[in-house]
file work18.txt (compact mmCIF, C-alpha atoms)
# COMPACT_ATOMS: atom_id res chain seq x y z
CA MET R 1 77.71 128.07 152.75
CA PRO R 2 81.36 127.78 153.84
CA VAL R 3 83.48 130.91 153.36
CA GLN R 4 87.24 131.31 153.34
CA TYR R 5 88.62 133.63 156.02
CA LYS R 6 92.06 135.16 156.26
CA TYR R 7 93.17 135.37 159.88
CA LYS R 8 95.98 136.73 162.04
CA ALA R 9 96.40 135.33 165.52
CA VAL R 10 98.85 134.88 168.39
CA THR R 11 99.71 131.60 170.10
CA LEU R 12 99.84 131.17 173.88
CA THR R 13 103.64 131.46 173.65
CA GLY R 14 103.39 134.84 171.92
CA ALA R 15 104.28 133.69 168.39
CA SER R 16 102.29 135.22 165.54
CA GLU R 17 100.41 133.02 163.08
CA GLU R 18 98.40 133.85 159.96
CA GLY R 19 96.69 131.81 157.30
CA VAL R 20 93.48 130.99 155.48
CA ALA R 21 90.73 128.66 156.77
CA THR R 22 87.12 127.83 155.97
CA ALA R 23 84.12 128.34 158.25
CA GLU R 24 80.36 128.83 158.03
CA SER R 25 80.54 132.27 159.64
CA GLU R 26 82.96 134.70 161.24
CA ARG R 27 81.78 133.60 164.68
CA GLN R 28 82.54 129.96 163.84
CA MET R 29 85.94 131.03 162.54
CA LEU R 30 86.71 132.76 165.85
CA ASP R 31 85.55 129.68 167.77
CA ASN R 32 87.78 127.44 165.63
CA LEU R 33 90.79 129.63 166.37
CA THR R 34 90.01 129.58 170.09
CA LYS R 35 89.76 125.76 170.03
CA ARG R 36 93.24 125.70 168.48
CA GLN R 37 94.45 127.82 171.43
CA LEU R 38 95.01 130.87 169.25
CA ILE R 39 94.18 134.46 170.20
CA PRO R 40 92.53 136.12 167.15
CA ILE R 41 93.83 139.53 166.08
CA SER R 42 91.92 139.94 162.81
CA VAL R 43 89.56 137.80 160.77
CA GLU R 44 88.23 138.86 157.37
CA PRO R 45 86.66 137.00 154.44
CA VAL R 46 88.90 136.35 151.43
CA LYS R 47 87.77 138.41 148.45
CA GLU R 48 87.02 136.48 145.30
CA THR R 49 89.29 137.23 142.39
CA SER R 50 88.09 138.09 138.92
CA PRO R 51 86.81 135.03 137.06
CA PHE R 52 88.44 136.25 133.85
CA ALA R 53 91.65 134.59 132.70
CA PHE R 54 93.39 135.16 129.38
CA TRP R 55 94.04 131.49 128.70
CA GLY R 56 90.53 130.47 129.64
CA PHE R 57 91.62 127.16 131.09
CA PHE R 58 89.97 125.39 133.98
CA ARG R 59 90.17 126.92 137.41
CA GLY R 60 93.62 126.77 138.91
CA ILE R 61 94.36 123.92 141.27
CA ARG R 62 97.42 122.85 143.24
CA TYR R 63 98.37 119.97 140.97
CA GLU R 64 101.27 118.51 142.97
CA GLN R 65 99.38 118.43 146.27
CA LEU R 66 96.17 117.11 144.76
CA ILE R 67 98.00 114.40 142.80
CA MET R 68 99.96 113.33 145.90
CA PHE R 69 96.78 113.22 147.98
CA THR R 70 94.88 111.26 145.31
CA ASN R 71 97.68 108.70 144.86
CA ASN R 72 98.05 108.15 148.61
CA LEU R 73 94.30 107.89 149.09
CA GLN R 74 93.94 105.41 146.21
CA THR R 75 96.85 103.20 147.31
CA MET R 76 95.77 102.97 150.95
CA TYR R 77 92.06 102.56 150.14
CA ARG R 78 92.81 99.73 147.69
CA ALA R 79 94.88 98.08 150.45
CA GLY R 80 91.72 97.94 152.58
CA ILE R 81 92.53 100.71 155.06
CA PRO R 82 89.40 102.59 156.28
CA LEU R 83 88.99 106.19 155.10
CA LEU R 84 89.10 107.56 158.67
CA ARG R 85 92.47 105.93 159.24
CA ILE R 86 93.76 107.13 155.87
CA LEU R 87 92.82 110.75 156.59
CA ASP R 88 94.50 110.44 159.97
CA VAL R 89 97.78 109.37 158.34
CA VAL R 90 97.95 111.23 155.02
CA ARG R 91 99.72 114.61 155.04
CA VAL R 92 100.45 116.76 151.99
CA GLY R 93 102.83 119.71 151.87
CA PRO R 94 103.51 121.92 154.93
CA GLU R 95 102.12 120.54 158.17
CA ASP R 96 100.23 123.77 158.89
CA GLY R 97 99.20 124.26 155.25
CA ARG R 98 95.64 124.62 154.01
CA PHE R 99 95.57 121.18 152.39
CA ASN R 100 96.39 119.43 155.66
CA TYR R 101 93.81 121.60 157.43
CA ALA R 102 91.27 120.42 154.84
CA ILE R 103 92.23 116.77 155.45
CA LYS R 104 91.69 117.20 159.20
CA GLN R 105 88.30 118.86 158.64
CA MET R 106 87.26 116.11 156.21
CA ARG R 107 88.13 113.50 158.81
CA LEU R 108 85.89 115.28 161.34
CA SER R 109 83.13 115.38 158.72
CA LEU R 110 83.48 111.63 158.12
CA GLN R 111 83.27 111.01 161.86
CA SER R 112 79.96 112.91 161.81
CA GLY R 113 78.59 110.41 159.29
CA HIS R 114 79.15 112.28 156.02
CA GLN R 115 80.60 110.77 152.86
CA LEU R 116 84.05 111.75 151.59
CA SER R 117 82.63 113.64 148.62
CA THR R 118 80.34 115.64 150.92
CA ALA R 119 83.30 116.53 153.11
CA MET R 120 85.24 117.70 150.04
CA GLU R 121 82.48 120.12 149.04
CA GLU R 122 83.59 122.43 151.85
CA PHE R 123 86.92 122.90 150.06
CA GLU R 124 86.04 123.51 146.42
CA ASP R 125 89.15 125.67 146.04
CA LEU R 126 91.22 122.51 146.59
CA PHE R 127 88.92 119.91 145.01
CA PRO R 128 87.31 120.93 141.68
CA LYS R 129 83.67 120.06 141.07
CA TYR R 130 84.45 117.33 138.55
CA TYR R 131 86.78 115.74 141.13
CA ILE R 132 84.11 115.79 143.86
CA ALA R 133 81.45 114.47 141.48
CA SER R 134 83.73 111.60 140.40
CA VAL R 135 84.49 110.68 144.01
CA ALA R 136 80.75 110.74 144.83
CA ALA R 137 80.00 108.44 141.88
CA GLY R 138 82.85 106.14 142.91
CA GLU R 139 81.46 105.89 146.44
CA GLU R 140 77.99 105.03 145.12
CA SER R 141 79.28 102.39 142.68
CA GLY R 142 81.86 100.90 145.06
CA LYS R 143 84.68 101.65 142.58
CA LEU R 144 86.29 104.52 144.45
CA ASP R 145 89.82 103.09 144.09
CA ASP R 146 89.45 102.80 140.30
CA ILE R 147 88.06 106.34 140.01
CA LEU R 148 90.90 107.73 142.16
CA GLU R 149 93.45 105.99 139.94
CA GLU R 150 91.87 107.54 136.83
CA LEU R 151 91.74 110.96 138.50
CA ALA R 152 95.43 110.82 139.43
CA ASP R 153 96.38 109.86 135.88
CA MET R 154 94.22 112.64 134.41
CA LEU R 155 95.63 115.26 136.82
CA GLU R 156 99.19 114.31 135.87
CA LYS R 157 98.33 114.77 132.17
CA GLU R 158 96.71 118.12 132.91
CA MET R 159 99.71 119.30 134.92
CA GLU R 160 102.06 118.33 132.08
CA LEU R 161 99.78 120.15 129.62
CA THR R 162 99.93 123.33 131.71
CA ARG R 163 103.71 123.14 132.01
CA GLN R 164 104.09 122.71 128.25
CA ILE R 165 101.97 125.80 127.62
CA LYS R 166 103.91 127.90 130.13
CA SER R 167 107.21 126.70 128.69
CA GLY R 168 106.18 127.65 125.15
CA VAL R 169 104.93 131.09 126.14
CA ARG R 170 107.86 131.98 128.42
CA TYR R 171 110.43 132.87 125.72
CA PRO R 172 108.19 135.14 123.59
CA ALA R 173 107.00 136.88 126.77
CA MET R 174 110.61 137.49 127.85
CA VAL R 175 111.49 138.95 124.42
CA ILE R 176 108.50 141.30 124.48
CA ALA R 177 109.28 142.36 128.08
CA ALA R 178 112.93 143.03 127.15
CA LEU R 179 111.80 145.09 124.15
CA ILE R 180 109.50 147.20 126.31
CA GLY R 181 112.23 147.61 128.95
CA ALA R 182 114.78 148.71 126.34
CA SER R 183 112.31 151.24 124.94
CA VAL R 184 111.69 152.75 128.37
CA ILE R 185 115.43 153.02 129.10
CA MET R 186 116.12 154.60 125.70
CA MET R 187 113.32 157.17 126.08
CA THR R 188 114.19 157.98 129.69
CA PHE R 189 118.01 158.08 129.78
CA VAL R 190 119.65 157.77 126.36
CA VAL R 191 117.60 160.04 124.06
CA PRO R 192 117.62 163.13 126.38
CA ARG R 193 121.45 163.07 126.39
CA PHE R 194 121.57 162.98 122.60
CA VAL R 195 119.06 165.83 122.42
CA SER R 196 121.17 168.12 124.59
CA PHE R 197 124.25 167.23 122.53
CA TYR R 198 122.64 167.94 119.15
CA GLU R 199 120.96 171.15 120.28
CA GLY R 200 124.39 172.67 120.98
CA PHE R 201 125.22 172.61 117.27
CA ASN R 202 121.93 174.06 115.99
CA ALA R 203 121.91 171.39 113.27
CA GLU R 204 118.76 170.31 111.47
CA LEU R 205 117.74 166.90 112.75
CA PRO R 206 116.46 164.09 110.52
CA PHE R 207 112.83 162.91 110.70
CA PHE R 208 113.52 159.74 112.72
CA THR R 209 115.53 161.70 115.29
CA ARG R 210 112.78 164.30 115.66
CA LEU R 211 110.24 161.49 115.99
CA LEU R 212 112.30 159.82 118.73
CA ILE R 213 112.79 163.14 120.54
CA GLU R 214 109.07 163.95 120.41
CA THR R 215 108.24 160.49 121.71
CA SER R 216 110.80 160.86 124.51
CA ASN R 217 109.41 164.30 125.46
CA PHE R 218 105.90 162.91 125.45
CA PHE R 219 106.83 160.11 127.87
CA ALA R 220 108.94 162.46 130.02
CA HIS R 221 106.17 165.03 130.49
CA SER R 222 103.08 162.86 130.26
CA TRP R 223 104.05 159.78 132.28
CA PRO R 224 101.67 160.63 135.19
CA VAL R 225 98.78 160.82 132.71
CA LEU R 226 99.89 157.54 131.12
CA VAL R 227 100.02 155.83 134.52
CA VAL R 228 96.53 157.07 135.37
CA LEU R 229 95.21 155.94 131.98
CA MET R 230 96.83 152.53 132.47
CA VAL R 231 95.23 152.12 135.91
CA ILE R 232 91.84 153.22 134.54
CA SER R 233 92.21 150.79 131.62
CA ILE R 234 93.03 147.88 133.96
CA ILE R 235 90.09 148.70 136.25
CA GLY R 236 87.77 149.17 133.25
CA PHE R 237 88.91 145.90 131.68
CA ARG R 238 88.33 144.14 134.97
CA LYS R 239 84.82 145.56 135.16
CA LEU R 240 84.13 144.45 131.60
CA ALA R 241 85.46 140.97 132.39
CA LEU R 242 83.02 140.68 135.30
CA ASN R 243 80.07 141.56 133.06
CA PRO R 244 78.77 138.36 131.38
CA LYS R 245 77.97 139.98 128.02
CA SER R 246 81.24 141.88 127.59
CA ARG R 247 83.22 138.93 128.95
CA LEU R 248 81.68 136.70 126.28
CA VAL R 249 82.89 139.14 123.60
CA ILE R 250 86.42 139.20 125.11
CA ASP R 251 86.63 135.42 125.39
CA ARG R 252 85.34 134.97 121.83
CA THR R 253 87.97 137.44 120.58
CA ILE R 254 90.73 135.53 122.38
CA LEU R 255 89.71 132.32 120.63
CA LYS R 256 89.99 134.06 117.24
CA LEU R 257 93.55 135.30 117.84
CA PRO R 258 96.16 133.71 115.54
CA VAL R 259 98.28 130.98 117.18
CA ILE R 260 97.25 131.90 120.74
CA GLY R 261 93.57 131.25 120.02
CA GLN R 262 94.31 127.75 118.71
CA LEU R 263 96.46 127.03 121.75
CA VAL R 264 93.62 128.06 124.06
CA ILE R 265 91.05 126.02 122.12
CA LYS R 266 93.12 122.85 121.95
CA GLY R 267 94.13 123.09 125.60
CA ASN R 268 90.51 123.45 126.68
CA VAL R 269 89.28 120.61 124.44
CA ALA R 270 92.00 118.28 125.73
CA ARG R 271 91.07 118.91 129.34
CA PHE R 272 87.34 118.89 128.66
CA SER R 273 87.59 115.48 126.95
CA LEU R 274 89.73 113.90 129.68
CA MET R 275 87.44 115.17 132.45
CA PHE R 276 84.29 114.24 130.54
CA ARG R 277 85.67 110.70 130.21
CA ILE R 278 86.33 110.48 133.95
CA LEU R 279 82.79 111.62 134.81
CA ILE R 280 81.19 109.18 132.32
CA GLN R 281 83.41 106.36 133.54
CA SER R 282 82.42 107.05 137.14
CA GLY R 283 78.78 106.43 136.21
CA LEU R 284 77.38 109.96 136.00
CA PRO R 285 74.76 110.69 133.29
CA ILE R 286 76.02 112.63 130.27
CA VAL R 287 73.79 115.67 130.93
CA LYS R 288 74.92 115.89 134.57
CA SER R 289 78.55 115.52 133.51
CA LEU R 290 78.22 118.35 130.98
CA ASP R 291 76.55 120.49 133.61
CA ILE R 292 79.50 120.02 135.98
CA LEU R 293 82.06 120.71 133.24
CA ASN R 294 80.16 123.80 132.11
CA GLU R 295 80.60 125.32 135.57
CA SER R 296 84.31 124.46 135.59
CA ILE R 297 85.33 126.22 132.37
CA LYS R 298 86.66 129.77 132.59
CA ASN R 299 86.34 130.78 128.94
CA SER R 300 82.70 131.85 128.68
CA GLN R 301 82.51 131.17 124.92
CA ILE R 302 83.55 127.52 125.37
CA ALA R 303 81.26 127.25 128.43
CA THR R 304 78.36 128.50 126.30
CA GLU R 305 79.09 125.88 123.66
CA VAL R 306 79.28 123.12 126.27
CA GLY R 307 75.85 124.36 127.43
CA ARG R 308 74.58 123.92 123.86
CA LEU R 309 75.92 120.35 123.88
CA LYS R 310 74.00 119.71 127.08
CA GLU R 311 70.79 121.04 125.47
CA LEU R 312 71.27 118.73 122.47
CA PHE R 313 71.57 115.71 124.78
CA GLN R 314 68.56 116.83 126.82
CA GLU R 315 66.49 117.12 123.63
CA GLY R 316 67.72 113.77 122.30
CA LYS R 317 69.50 115.40 119.34
CA GLU R 318 73.02 114.11 120.07
CA THR R 319 73.21 112.69 116.53
CA LEU R 320 73.41 116.31 115.28
CA LEU R 321 76.67 116.98 117.15
CA ALA R 322 78.92 116.67 114.10
CA GLY R 323 76.87 119.23 112.18
CA GLN R 324 77.15 121.97 114.79
CA LYS R 325 79.35 125.03 114.17
CA PHE R 326 81.35 126.00 117.23
CA ILE R 327 84.27 128.37 117.75
CA GLY R 328 85.79 126.64 120.78
CA LEU R 329 84.97 122.99 120.00
CA PRO R 330 86.72 121.72 116.83
CA ARG R 331 84.70 119.65 114.36
CA LEU R 332 87.07 116.69 114.81
CA SER R 333 86.20 116.43 118.52
CA LEU R 334 82.46 116.54 117.76
CA GLN R 335 82.78 113.90 115.03
CA MET R 336 84.69 111.54 117.33
CA MET R 337 82.11 112.04 120.09
CA THR R 338 79.35 111.20 117.60
CA ILE R 339 81.18 108.03 116.54
CA GLY R 340 81.61 107.09 120.20
CA LEU R 341 77.90 107.56 120.87
CA GLU R 342 76.86 105.52 117.84
CA SER R 343 79.31 102.68 118.57
CA GLY R 344 78.77 102.65 122.34
CA SER R 345 82.41 103.54 123.02
CA LEU R 346 82.09 107.17 124.13
CA GLU R 347 84.59 106.74 126.97
CA ARG R 348 87.29 105.43 124.63
CA MET R 349 86.62 108.14 122.04
CA LEU R 350 86.82 110.88 124.67
CA GLY R 351 90.16 109.46 125.76
CA GLU R 352 91.37 109.51 122.14
CA VAL R 353 90.20 113.11 121.71
CA GLY R 354 91.92 114.17 124.94
CA ASN R 355 95.20 112.47 124.02
CA HIS R 356 95.10 113.84 120.45
CA PHE R 357 94.62 117.46 121.47
CA SER R 358 97.11 117.09 124.34
CA LYS R 359 99.74 116.13 121.78
CA GLU R 360 98.64 119.06 119.59
CA VAL R 361 99.12 121.46 122.50
CA GLN R 362 102.52 119.98 123.32
CA TYR R 363 103.59 120.32 119.69
CA MET R 364 102.35 123.93 119.45
CA SER R 365 103.96 124.83 122.78
CA ARG R 366 107.33 123.40 121.76
CA HIS R 367 107.20 125.20 118.41
CA LEU R 368 105.54 128.39 119.61
CA THR R 369 108.85 130.21 119.53
CA ALA R 370 109.39 129.16 115.91
CA ILE R 371 105.81 130.17 115.03
CA LEU R 372 106.15 133.61 116.64
CA GLU R 373 109.78 134.10 115.60
CA PRO R 374 108.96 135.98 112.32
CA ILE R 375 106.71 138.43 114.22
CA LEU R 376 109.28 138.94 116.98
CA THR R 377 112.09 139.34 114.44
CA ILE R 378 110.19 141.96 112.44
CA GLY R 379 109.27 143.88 115.60
CA LEU R 380 112.79 143.76 117.00
CA GLY R 381 114.33 144.66 113.63
CA ALA R 382 112.03 147.66 113.19
CA PHE R 383 112.88 148.87 116.69
CA VAL R 384 116.64 148.59 116.12
CA LEU R 385 116.39 150.22 112.67
CA ILE R 386 114.50 153.26 113.97
CA LEU R 387 116.98 153.68 116.83
CA ALA R 388 119.96 153.36 114.49
CA LEU R 389 118.57 155.91 112.01
CA ALA R 390 117.56 158.28 114.80
CA ILE R 391 120.99 158.21 116.44
CA PHE R 392 123.46 157.85 113.56
CA LEU R 393 121.86 160.08 110.89
CA PRO R 394 122.45 163.23 112.99
CA MET R 395 126.08 162.19 113.44
CA TRP R 396 126.55 162.09 109.68
CA ASN R 397 124.92 165.50 109.39
CA LEU R 398 127.26 166.89 112.06
CA ILE R 399 130.26 165.56 110.16
CA ASN R 400 129.05 167.42 107.09
CA VAL R 401 128.57 170.56 109.23
CA PHE R 402 132.14 170.30 110.52
CA ARG R 403 133.50 169.81 106.99
CA GLY R 404 131.53 172.82 105.78
call {"tool": "encode", "arguments": {"input": "work18.txt", "output": "structure tokens"}}
result
Amino acid sequence: MPVQYKYKAVTLTGASEEGVATAESERQMLDNLTKRQLIPISVEPVKETSPFAFWGFFRGIRYEQLIMFTNNLQTMYRAGIPLLRILDVVRVGPEDGRFNYAIKQMRLSLQSGHQLSTAMEEFEDLFPKYYIASVAAGEESGKLDDILEELADMLEKEMELTRQIKSGVRYPAMVIAALIGASVIMMTFVVPRFVSFYEGFNAELPFFTRLLIETSNFFAHSWPVLVVLMVISIIGFRKLALNPKSRLVIDRTILKLPVIGQLVIKGNVARFSLMFRILIQSGLPIVKSLDILNESIKNSQIATEVGRLKELFQEGKETLLAGQKFIGLPRLSLQMMTIGLESGSLERMLGEVGNHFSKEVQYMSRHLTAILEPILTIGLGAFVLILALAIFLPMWNLINVFRG
């Protein structure tokens, strides 16, 4: 099975070069570098990252590059240009980038007699499984240009969906980060100065001031312990996320969070529906399509529910879809799928579901700041109030001391 290797090498002119490439083994990787007239310095396999992701969306892909490649491939293929010639001409991103390396390798694979979809399987980090499966179905049915056009359209919608989510989350994240930063600065620099000033007058300090001083002293003397605990927590959380049972609990909890959980659910359903439609349209059986989508979903709770859908179809119980109780698949989506099955218009219904929940995500993303504003306002107000009471109450006490 192909493995990604990170390499460092030197050219014949003495210039250094490093990058990531795919090979069957380390020996093949070294041979590939030698064929490119590179002198290998180090070659090591790329470590897989944790499969856990807070949002639980589909595996990350390079949208711009994949969309550009798909559009170019579709346009030239529809014009009647052979695939070998297309892969010889098409270039995406930096000339020495991984995507262009993948295109060159796919061309070599096609020259060896393989199909395009088979050549893409070597680069699953660039081409998701649903993409490869759709291309394979398009090659078998002779409708590759139509499938590529649908894939490009779907990828553009997915990219816009992701950007909307990031845009909506950015402002609340900045406010929370600023609040944490202000707290650290206050505890580290501001509060100790006030403490030394007040201690010179031997005045009794109010409760809020004592609380702030104790908190500041705790952070000042215990920060190494806090750092160690934070590192242990991150490592422990990562270990839990890699365990299937504990990861299922974490993912299920995320889906039940207010506001954020709904955003995750609707984003996943929108993408699931659009991709499901593409796979069905390309001619793949429903069970096979669900199997591919199940492997593509990060959130294990939603993946489990998609697995239950697959079992219902395998057992011929698809008419019971609307009566199922799922956490990550809203009842509306199941009802529309049932209507599509009964009326023979599943593709159209999946498109409607995808578009509906895409609009829901866009609406929630645009109004996420307004939704979270009361929570942020209360948190920020409480922080400012405590600081004000902790700093100004002692000043009033000192004034009374001076008057006395």
call {"tool": "closest_residue", "arguments": {"input": "work18.txt", "among": "R:Gly181, R:Gly93, R:Pro192, R:Gly267", "to": "R:Met68", "atoms": "all atoms listed in the file"}}
result
R:Gly93
call {"tool": "residues_around", "arguments": {"input": "work18.txt", "residues": "R:Met29", "least_positions_apart": "6", "cutoff": "9 Å", "atoms": "all atoms listed in the file", "output": "ChimeraX atom specification"}}
result
/R:5,7,21-23,43
call {"tool": "residues_near_point", "arguments": {"input": "work18.txt", "point": "(84.6, 124.9, 121.6)", "cutoff": "9 Å", "atoms": "only C-alpha atoms", "output": "VMD selection string"}}
result
chain R and resid 265 to 266 268 to 269 301 to 306 326 to 331
call {"tool": "closest_atom_pairs", "arguments": {"input": "work18.txt", "of": "stretch 223-315 of chain R", "to": "stretch 358-368 of chain R", "cutoff": "12 Å", "atoms": "all atoms listed in the file", "output": "tab-separated table"}}
result
residue	atom	partner	partner_atom	distance
R:Pro258	CA	R:Leu368	CA	11.5
R:Val259	CA	R:Leu368	CA	8.1
R:Ile260	CA	R:Leu368	CA	9.1
R:Gly261	CA	R:Met364	CA	11.4
R:Gln262	CA	R:Val361	CA	8.8
R:Leu263	CA	R:Val361	CA	6.2
R:Val264	CA	R:Val361	CA	8.7
R:Ile265	CA	R:Val361	CA	9.3
R:Lys266	CA	R:Val361	CA	6.2
R:Gly267	CA	R:Val361	CA	6.1
R:Asn268	CA	R:Ser358	CA	9.5
R:Val269	CA	R:Ser358	CA	8.6
R:Ala270	CA	R:Ser358	CA	5.4
R:Arg271	CA	R:Ser358	CA	8.0
R:Phe272	CA	R:Ser358	CA	10.8
R:Ser273	CA	R:Ser358	CA	10.0
R:Leu274	CA	R:Ser358	CA	9.7
call {"tool": "atom_distance", "arguments": {"input": "work18.txt", "atom1": "atom CA of R:Ile250", "atom2": "atom CA of R:Ser300"}}
result
9.0 Å
call {"tool": "closest_atom_pairs", "arguments": {"input": "work18.txt", "of": "stretch 275-311 of chain R", "to": "stretch 141-154 of chain R", "cutoff": "12 Å", "atoms": "all atoms listed in the file", "output": "CSV"}}
result
residue,atom,partner,partner_atom,distance
R:Met275,CA,R:Met154,CA,7.5
R:Phe276,CA,R:Met154,CA,10.8
R:Arg277,CA,R:Glu150,CA,9.6
R:Ile278,CA,R:Glu150,CA,6.9
R:Leu279,CA,R:Ile147,CA,9.1
R:Ile280,CA,R:Ile147,CA,10.7
R:Gln281,CA,R:Ile147,CA,8.0
R:Ser282,CA,R:Ile147,CA,6.4
R:Gly283,CA,R:Ser141,CA,7.6
R:Leu284,CA,R:Ser141,CA,10.3
call {"tool": "residues_near_point", "arguments": {"input": "work18.txt", "point": "(92.2, 118.0, 155.8)", "cutoff": "10 Å", "atoms": "all atoms listed in the file", "output": "PyMOL selection string"}}
result
chain R and resi 87-88+90-92+97-109+119-120+123
call {"tool": "write_last_selection", "arguments": {"input": "work18.txt", "atoms": "C-alpha atoms", "output": "compact mmCIF listing (two decimals), in the coordinates of the input"}}
result
# COMPACT_ATOMS: atom_id res chain seq x y z
CA LEU R 87 92.82 110.75 156.59
CA ASP R 88 94.50 110.44 159.97
CA VAL R 90 97.95 111.23 155.02
CA ARG R 91 99.72 114.61 155.04
CA VAL R 92 100.45 116.76 151.99
CA GLY R 97 99.20 124.26 155.25
CA ARG R 98 95.64 124.62 154.01
CA PHE R 99 95.57 121.18 152.39
CA ASN R 100 96.39 119.43 155.66
CA TYR R 101 93.81 121.60 157.43
CA ALA R 102 91.27 120.42 154.84
CA ILE R 103 92.23 116.77 155.45
CA LYS R 104 91.69 117.20 159.20
CA GLN R 105 88.30 118.86 158.64
CA MET R 106 87.26 116.11 156.21
CA ARG R 107 88.13 113.50 158.81
CA LEU R 108 85.89 115.28 161.34
CA SER R 109 83.13 115.38 158.72
CA ALA R 119 83.30 116.53 153.11
CA MET R 120 85.24 117.70 150.04
CA PHE R 123 86.92 122.90 150.06
call {"tool": "atom_distance", "arguments": {"input": "work18.txt", "atom1": "atom CA of R:Glu44", "atom2": "atom CA of R:Lys6"}}
result
5.4 Å
call {"tool": "atom_distance", "arguments": {"input": "work18.txt", "atom1": "atom CA of R:Leu321", "atom2": "atom CA of R:Phe357"}}
result
18.5 Å
